[in-house]
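Undergrad: The structure under discussion is supplied below as structure tokens; questions concerning it will follow.
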Amino acid sequence: MKTSFVQRMDLWARHLMPAATTLLLVLVSAVPLGIPGYAQISPAFTLMAVFYWAVYRPDLTPPFVVFLTGLAEDLVHGYPIGLTAIIFLAVYGVATTQRQTFLTKPFFIAWGGFVIISFGAFLLDWVLMSLFSLAWIIPDTVLARFGLTVALFPAMAWLFVRIHRYLVR
Amino acid sequence: MGRRPASFSRVAQPVRTLWQRFAFTALVLAAFGLMLLGKADIVVVKRLQIAAVDAVAPILEVLSHPAAAVSKSVETVISLRDLHAENERLRLENGHLKQWQHVANLLESENKALKRLTNHVGPPPASYISARVIAEAGGPFVRSALLNAGRRNGVRRGQGVVSEDGLAGTIVEVGELHSRMLLVTDLNAQIPVLIGGAREPGILVGDNTNHPRILYLPQNNRVSPGDLVISSGHGGMLPSGLPVGTVSSVSESGIHVKPVVDWTHLEFVRIVDYRMQGVIPGPMDPPPFTVLAPDPEPSLVERLGVTRGKTDR
């Protein structure tokens with residue numbers, strides 16, 4: 001079946017959506033909101049996006065896109081360059097191997113999976129950052145951020161599901 | 001997806017399968033490599049990093065405007081609610097401040113007279129560059145913010161950044177269009193300060209909490225909670241006398257300071273252009289095309305055009 005140029009462009013644009021929205025989240029999450037203490041415990045929106053797409057459409061977010069997202073996050077937030085890329089690739093790696101268990105099950109199973117995997121991600125982040133700066137970083141804000149990220153995952157997942165539906169329509 | 005010519009896919013297929021098999025491992029290794037390169041402070045990496053942030057700085061600036069508008073309108077609603085109480089409070093405070101202004105005028109004239117008497121040489125005058133905060137670093141590990149002024153506006157590494165309350169941080173990274181400021185609460189921030197009426201010298205060291213510590217105080221110091229902490233100007237990076245915070249607690253574990261800056265309303269800041277050149281030239285400051293470290297400063301002898309051999313004693 002031959003597809004017209006416009007149709008192909010449309011499909012191409014739809015297939016770019018997961019990567020584009022993930023990269024946009026990097027920028028949006030850095031915007032100063034003027035909420036007290038928000039900057040320190042702002043939820044890791046990009047981590048949610050990486051997890052969601054790794055489970056539901058890993059074909060549209062190849063490792064290279066995940067790597068670029070991590071780099072963008074490091075650059076914008078001023079983290080040691082490569083740190084978040086490692087975290088995101090680790091989450092992606094684990095999530096893609098476990099995706100069969102999440103796909104057929106109800107949403108809260110995937111949520112539970114996200115709790116476990118993101119805990120590992122925050123732990124790895126904290127250990128790497130402590131090693132990198134050779135200092136003991138007080139983990140209370142890390143835990144607060146983890147809690148907020150996990151709590152807000154269903155809300156973000158709802159948004160990703162909208163995008164996901166748009167993709168397959 | 002459209003079909004590709006058979007010959008192309010025959011050539012591309014092995015490369016593609018090879019990439020698919022090893023992409024993940026390669027990318028993880030690349031990320032670790034980048035982290036090590038970043039730790040080594042290599043100029044090329046730093047330059048690329050700054051150029052990349054420069055490229056997204058305009059997007060961040062556009063995004064920061066609506067967010068600021070929303071937070072401002074919320075604030076307006078809240079301030080409307082307690083307008084009356086606020087008015088009363090301000091009236092009272094204005095009365096107090098008028099008295100203080102009188103005292104300040106008296107002290108200033110006395111100070112001037114004393115300085116004239118002792119031929120005091122003051123610090124050079126500082127000028128200011130205004131900038132907007134376009135992004136705040138999220139997360140528990142870094143306390144920094146991006147500003148929309150860069151080299152083009154005269155920003156240099158090491159300059160201090162003040163809000164209307166006092167010292168907020170210092171500039172650590174400068175691009176063409178943006179600069180990054182390290183807040184005084186960051187793990188890597190160290191500011192020379194003077195504490196209290198006795199002007200005890202110390203260093204304010206951040207630890208990623210909201211209450212940085214004071215280290216390297218002299219023995220038998222007289223520091224107590226409530227003492228004002230001001231920048232000392234030691235090291236020539238910052239002007240002296242900028243308010244930094246107040247001592248919040250003095251205990252066995254150390255002296256903690258509450259910064260004066262209201263972090264929630266950090267929207268516009270001023271960068272202090274203090275012409276003291278106190279900062280040690282870093283890897284970003286020397287002429288371009290160096291790979292690792294900057295060239296050493298030419299000695300006086302070399303600058304005068306005399307070769308070393310001839311002038312050796």
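Residues in the structure tokens are named by chain (A, B, ... in the order shown) and by number from 1 within that chain; ligands are numbered from 1 in the order shown.
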Skipping near chain neighbours, those fewer than 2 positions away, what residues fall within 8 Å of Pro218 (chain B) using only C-alpha atoms, listed as an mmCIF file with N, CA and C atoms, in the first residue's frame?
TA:
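As written to disk, part-v2.cif reads:
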```cif
data_model
loop_
_atom_site.group_PDB
_atom_site.id
_atom_site.type_symbol
_atom_site.label_atom_id
_atom_site.label_comp_id
_atom_site.auth_asym_id
_atom_site.auth_seq_id
_atom_site.Cartn_x
_atom_site.Cartn_y
_atom_site.Cartn_z
ATOM 1 N N GLU B 200 33.853 39.208 63.373
ATOM 2 C CA GLU B 200 34.675 37.999 63.393
ATOM 3 C C GLU B 200 34.770 37.425 61.988
ATOM 4 N N PRO B 201 35.966 37.213 61.456
ATOM 5 C CA PRO B 201 36.069 36.688 60.097
ATOM 6 C C PRO B 201 35.832 35.176 60.052
ATOM 7 N N GLY B 202 35.161 34.721 59.034
ATOM 8 C CA GLY B 202 34.917 33.298 58.862
ATOM 9 C C GLY B 202 34.579 33.018 57.413
ATOM 10 N N TYR B 216 36.053 28.039 60.010
ATOM 11 C CA TYR B 216 37.321 28.773 60.124
ATOM 12 C C TYR B 216 37.173 30.076 60.896
ATOM 13 N N ASN B 220 37.884 31.535 70.472
ATOM 14 C CA ASN B 220 37.252 32.442 71.438
ATOM 15 C C ASN B 220 36.440 33.541 70.754
ATOM 16 N N ASN B 221 35.714 33.188 69.735
ATOM 17 C CA ASN B 221 34.910 34.197 69.053
ATOM 18 C C ASN B 221 33.664 34.494 69.869
#
```
Undergrad: Give one line per residue of chain B that approaches chain A to at most 7 Å, naming the two atoms of the closest pair and their distance in Å to one decimal, counting only C-alpha atoms; sort by chain then ascending residue number and deliver it as JSON lines.
TA:
```
{"residue": "B:Phe24", "atom": "CA", "partner": "A:Pro63", "partner_atom": "CA", "distance": 6.0}
{"residue": "B:Leu27", "atom": "CA", "partner": "A:Phe67", "partner_atom": "CA", "distance": 6.8}
{"residue": "B:Val28", "atom": "CA", "partner": "A:Ile86", "partner_atom": "CA", "distance": 5.9}
{"residue": "B:Ala31", "atom": "CA", "partner": "A:Gly82", "partner_atom": "CA", "distance": 4.5}
{"residue": "B:Phe32", "atom": "CA", "partner": "A:Gly82", "partner_atom": "CA", "distance": 6.3}
{"residue": "B:Leu34", "atom": "CA", "partner": "A:Gly82", "partner_atom": "CA", "distance": 5.4}
{"residue": "B:Met35", "atom": "CA", "partner": "A:Gly82", "partner_atom": "CA", "distance": 4.9}
{"residue": "B:Gly38", "atom": "CA", "partner": "A:Ile81", "partner_atom": "CA", "distance": 6.2}
{"residue": "B:Gln49", "atom": "CA", "partner": "A:Leu75", "partner_atom": "CA", "distance": 6.5}
{"residue": "B:Val53", "atom": "CA", "partner": "A:Leu75", "partner_atom": "CA", "distance": 6.3}
{"residue": "B:Leu60", "atom": "CA", "partner": "A:Leu27", "partner_atom": "CA", "distance": 6.5}
{"residue": "B:Leu63", "atom": "CA", "partner": "A:Val31", "partner_atom": "CA", "distance": 6.7}
{"residue": "B:Ser64", "atom": "CA", "partner": "A:Val31", "partner_atom": "CA", "distance": 5.5}
{"residue": "B:Ala67", "atom": "CA", "partner": "A:Leu33", "partner_atom": "CA", "distance": 5.7}
{"residue": "B:Ala68", "atom": "CA", "partner": "A:Leu33", "partner_atom": "CA", "distance": 6.6}
{"residue": "B:Ser71", "atom": "CA", "partner": "A:Gly34", "partner_atom": "CA", "distance": 6.1}
{"residue": "B:Ile134", "atom": "CA", "partner": "A:Val31", "partner_atom": "CA", "distance": 6.7}
{"residue": "B:Ala135", "atom": "CA", "partner": "A:Val31", "partner_atom": "CA", "distance": 4.9}
{"residue": "B:Glu136", "atom": "CA", "partner": "A:Pro32", "partner_atom": "CA", "distance": 5.4}
{"residue": "B:Ala137", "atom": "CA", "partner": "A:His77", "partner_atom": "CA", "distance": 4.4}
{"residue": "B:Gly138", "atom": "CA", "partner": "A:Ala39", "partner_atom": "CA", "distance": 4.6}
{"residue": "B:Gly139", "atom": "CA", "partner": "A:Gln40", "partner_atom": "CA", "distance": 4.6}
{"residue": "B:Pro140", "atom": "CA", "partner": "A:Gln40", "partner_atom": "CA", "distance": 5.0}
{"residue": "B:Val142", "atom": "CA", "partner": "A:Tyr79", "partner_atom": "CA", "distance": 7.0}
{"residue": "B:Thr264", "atom": "CA", "partner": "A:Gly34", "partner_atom": "CA", "distance": 4.8}
{"residue": "B:His265", "atom": "CA", "partner": "A:Gly34", "partner_atom": "CA", "distance": 5.9}
```
Undergrad: Just the helix (DSSP H, G or I) stuff from chain A, please, per backbone DSSP, written as a PyMOL selection string.
TA: chain A and resi 5-28+38-41+45-56+63-77+83-103+107-133+140-168
Undergrad: Keeping C-alpha atoms, export the residues of the selection given above as a short mmCIF file (atom, residue, chain, number, x, y, z; two decimals), in the first residue's frame.
TA:
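Here's the written file out.cif:
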```cif
data_model
loop_
_atom_site.label_atom_id
_atom_site.label_comp_id
_atom_site.auth_asym_id
_atom_site.auth_seq_id
_atom_site.Cartn_x
_atom_site.Cartn_y
_atom_site.Cartn_z
CA PHE A 5 3.76 12.23 1.50
CA VAL A 6 1.42 14.05 3.89
CA GLN A 7 0.42 10.80 5.58
CA ARG A 8 4.03 9.81 6.02
CA MET A 9 4.87 13.22 7.50
CA ASP A 10 1.93 12.87 9.86
CA LEU A 11 3.06 9.44 11.03
CA TRP A 12 6.58 10.68 11.43
CA ALA A 13 5.43 13.61 13.55
CA ARG A 14 3.31 11.31 15.72
CA HIS A 15 6.24 8.97 16.22
CA LEU A 16 8.38 11.88 17.33
CA MET A 17 5.90 12.87 20.04
CA PRO A 18 7.27 10.73 22.92
CA ALA A 19 10.84 11.95 22.38
CA ALA A 20 9.74 15.56 21.85
CA THR A 21 7.51 15.71 24.92
CA THR A 22 10.22 14.10 27.06
CA LEU A 23 12.76 16.70 25.95
CA LEU A 24 10.22 19.47 26.52
CA LEU A 25 9.68 18.17 30.08
CA VAL A 26 13.40 18.73 30.73
CA LEU A 27 12.92 22.44 30.04
CA VAL A 28 9.54 22.75 31.75
CA TYR A 38 9.91 23.67 45.14
CA ALA A 39 13.20 23.74 43.27
CA GLN A 40 14.78 21.27 45.70
CA ILE A 41 12.01 18.69 45.75
CA PHE A 45 8.96 14.50 35.50
CA THR A 46 11.49 13.31 32.96
CA LEU A 47 12.11 10.12 34.93
CA MET A 48 8.37 9.35 34.73
CA ALA A 49 8.40 9.97 30.98
CA VAL A 50 11.44 7.72 30.47
CA PHE A 51 9.80 4.93 32.49
CA TYR A 52 6.42 5.24 30.78
CA TRP A 53 7.76 5.16 27.25
CA ALA A 54 10.25 2.40 28.07
CA VAL A 55 7.33 0.22 29.18
CA TYR A 56 4.71 1.13 26.56
CA PRO A 63 18.37 4.27 24.11
CA PHE A 64 19.88 7.14 22.16
CA VAL A 65 16.90 9.39 22.88
CA VAL A 66 17.05 8.43 26.57
CA PHE A 67 20.75 9.26 26.59
CA LEU A 68 20.11 12.68 25.00
CA THR A 69 17.33 13.41 27.50
CA GLY A 70 19.71 12.65 30.36
CA LEU A 71 22.38 14.91 28.87
CA ALA A 72 19.87 17.74 28.39
CA GLU A 73 18.79 17.40 32.02
CA ASP A 74 22.40 17.55 33.20
CA LEU A 75 23.11 20.64 31.11
CA VAL A 76 20.03 22.61 32.13
CA HIS A 77 20.24 21.75 35.82
CA LEU A 83 25.11 11.61 35.60
CA THR A 84 21.42 11.75 34.72
CA ALA A 85 22.15 9.98 31.43
CA ILE A 86 23.43 7.00 33.45
CA ILE A 87 20.35 7.06 35.72
CA PHE A 88 17.90 7.27 32.81
CA LEU A 89 19.66 4.51 30.86
CA ALA A 90 19.56 2.29 33.96
CA VAL A 91 15.83 2.94 34.43
CA TYR A 92 15.25 2.32 30.73
CA GLY A 93 17.25 -0.92 30.82
CA VAL A 94 15.37 -2.32 33.80
CA ALA A 95 11.96 -1.13 32.58
CA THR A 96 12.33 -2.63 29.10
CA THR A 97 13.29 -6.04 30.51
CA GLN A 98 10.28 -6.02 32.85
CA ARG A 99 7.77 -4.50 30.44
CA GLN A 100 5.95 -7.77 29.72
CA THR A 101 4.88 -7.99 33.37
CA PHE A 102 3.44 -4.45 33.27
CA LEU A 103 1.76 -4.52 29.85
CA PHE A 107 -2.21 0.30 35.99
CA PHE A 108 -1.39 0.05 39.69
CA ILE A 109 1.01 -2.82 38.98
CA ALA A 110 2.94 -0.50 36.68
CA TRP A 111 2.78 2.15 39.38
CA GLY A 112 4.24 -0.32 41.88
CA GLY A 113 6.96 -1.12 39.38
CA PHE A 114 7.68 2.58 39.05
CA VAL A 115 7.95 2.93 42.85
CA ILE A 116 10.59 0.20 43.00
CA ILE A 117 12.53 1.25 39.91
CA SER A 118 12.50 4.97 40.76
CA PHE A 119 13.66 4.19 44.30
CA GLY A 120 16.64 2.43 42.76
CA ALA A 121 17.17 5.40 40.44
CA PHE A 122 17.16 7.95 43.29
CA LEU A 123 19.48 5.75 45.34
CA LEU A 124 21.90 5.43 42.43
CA ASP A 125 21.67 9.18 41.83
CA TRP A 126 22.46 9.91 45.46
CA VAL A 127 25.38 7.46 45.63
CA LEU A 128 26.90 8.72 42.35
CA MET A 129 26.50 12.36 43.34
CA SER A 130 28.02 11.77 46.79
CA LEU A 131 30.96 9.98 45.19
CA PHE A 132 31.33 12.68 42.55
CA SER A 133 31.39 15.56 45.03
CA ASP A 140 16.19 14.10 53.29
CA THR A 141 15.48 16.16 50.16
CA VAL A 142 16.21 13.10 48.01
CA LEU A 143 13.54 11.16 49.90
CA ALA A 144 11.08 14.07 49.66
CA ARG A 145 11.67 14.27 45.93
CA PHE A 146 11.21 10.51 45.58
CA GLY A 147 7.91 10.69 47.48
CA LEU A 148 6.58 13.52 45.36
CA THR A 149 7.68 11.84 42.12
CA VAL A 150 5.94 8.58 43.05
CA ALA A 151 2.79 10.40 44.18
CA LEU A 152 2.51 12.43 40.99
CA PHE A 153 3.19 9.50 38.65
CA PRO A 154 -0.50 8.64 38.01
CA ALA A 155 -1.25 12.25 37.03
CA MET A 156 1.63 12.34 34.58
CA ALA A 157 0.78 8.86 33.31
CA TRP A 158 -2.71 10.15 32.49
CA LEU A 159 -1.06 12.82 30.33
CA PHE A 160 1.20 10.23 28.68
CA VAL A 161 -1.81 8.01 27.99
CA ARG A 162 -3.40 10.96 26.12
CA ILE A 163 -0.28 11.30 23.98
CA HIS A 164 -0.16 7.52 23.56
CA ARG A 165 -3.77 7.45 22.27
CA TYR A 166 -2.96 10.25 19.87
CA LEU A 167 -0.09 8.14 18.53
CA VAL A 168 -2.18 5.11 17.67
#
```
Undergrad: Residues at most 8 Å from region 153-161 of chain B, counting only C-alpha atoms, excluding those fewer than 3 positions away in the same chain, as a ChimeraX atom specification?
TA: /B:129,149-150,167-174,179,181,237-238,269-274,279
Undergrad: Could those residues be written to a file, using C-alpha atoms, as a PDB file, in the first residue's frame?
TA:
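Generated file (again37.pdb):
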```
ATOM      1  CA  ILE B 129      24.082  44.287  35.695  1.00  0.00           C
ATOM      2  CA  ALA B 149      22.746  37.815  31.139  1.00  0.00           C
ATOM      3  CA  GLY B 150      26.042  36.552  29.756  1.00  0.00           C
ATOM      4  CA  LEU B 167      23.935  38.319  48.546  1.00  0.00           C
ATOM      5  CA  ALA B 168      22.279  35.404  46.737  1.00  0.00           C
ATOM      6  CA  GLY B 169      25.256  33.695  45.117  1.00  0.00           C
ATOM      7  CA  THR B 170      28.204  33.963  42.790  1.00  0.00           C
ATOM      8  CA  ILE B 171      28.623  33.448  39.057  1.00  0.00           C
ATOM      9  CA  VAL B 172      30.321  30.138  38.244  1.00  0.00           C
ATOM     10  CA  GLU B 173      29.700  29.695  34.527  1.00  0.00           C
ATOM     11  CA  VAL B 174      29.361  32.293  31.786  1.00  0.00           C
ATOM     12  CA  SER B 179      25.265  32.633  33.161  1.00  0.00           C
ATOM     13  CA  MET B 181      24.900  31.391  39.582  1.00  0.00           C
ATOM     14  CA  MET B 237      35.781  38.649  44.665  1.00  0.00           C
ATOM     15  CA  LEU B 238      32.895  40.454  46.312  1.00  0.00           C
ATOM     16  CA  VAL B 269      18.779  39.879  40.494  1.00  0.00           C
ATOM     17  CA  ARG B 270      21.733  42.199  40.057  1.00  0.00           C
ATOM     18  CA  ILE B 271      25.212  41.014  39.206  1.00  0.00           C
ATOM     19  CA  VAL B 272      27.882  43.039  40.965  1.00  0.00           C
ATOM     20  CA  ASP B 273      30.585  44.139  38.568  1.00  0.00           C
ATOM     21  CA  TYR B 274      33.385  44.693  41.049  1.00  0.00           C
ATOM     22  CA  VAL B 279      39.118  35.378  41.005  1.00  0.00           C
TER      23      VAL B 279
END
```
Undergrad: To one decimal place, how far is CA of Ser240 (chain B) from CA of Lys258 (chain B) in Å?
TA: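 According to the coordinates, CA of Ser240 (chain B) and CA of Lys258 (chain B) are separated by 18.7 Å.
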Undergrad: CA of Pro239 (chain B) and CA of Ala126 (chain B) are how many Å apart?
TA: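 Atom-to-atom, CA of Pro239 (chain B) to CA of Ala126 (chain B), that is 7.6 Å.
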Undergrad: Distance CA of Asp165 (chain B)-CA of Gly241 (chain B), one decimal place?
TA: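 Taking CA of Asp165 (chain B) as the start and CA of Gly241 (chain B) as the end point, the length is 12.6 Å.
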Undergrad: I want to know what sits within 6 Å of Ser249 (chain B), based on only C-alpha atoms, with residues of the same chain fewer than 6 positions away left out; could you give that as a tab-separated table (two decimals) with N, CA and C atoms, in the first residue's frame?
TA:
```tsv
chain	number	residue	atom	x	y	z
B	225	PRO	N	23.40	33.87	68.34
B	225	PRO	CA	22.29	33.87	67.40
B	225	PRO	C	21.73	35.28	67.19
B	255	ILE	N	28.04	26.62	63.66
B	255	ILE	CA	27.24	27.84	63.61
B	255	ILE	C	26.49	27.84	62.29
B	256	HIS	N	25.18	27.97	62.37
B	256	HIS	CA	24.38	27.97	61.15
B	256	HIS	C	23.83	29.35	60.88
```
Undergrad: Using only C-alpha atoms for the distances, tell me which of B:Ser224, B:Thr25, B:Lys115, B:Leu177 is nearest to Ile59 (chain B).
TA: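 Using only C-alpha atoms, the shortest distance to Ile59 (chain B) belongs to B:Leu177.
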Undergrad: Gly254 (chain B): which residues within 8 Å, counting only C-alpha atoms, same-chain residues fewer than 3 positions away excluded, as a PyMOL selection string?
TA: chain B and resi 213-215+250-251
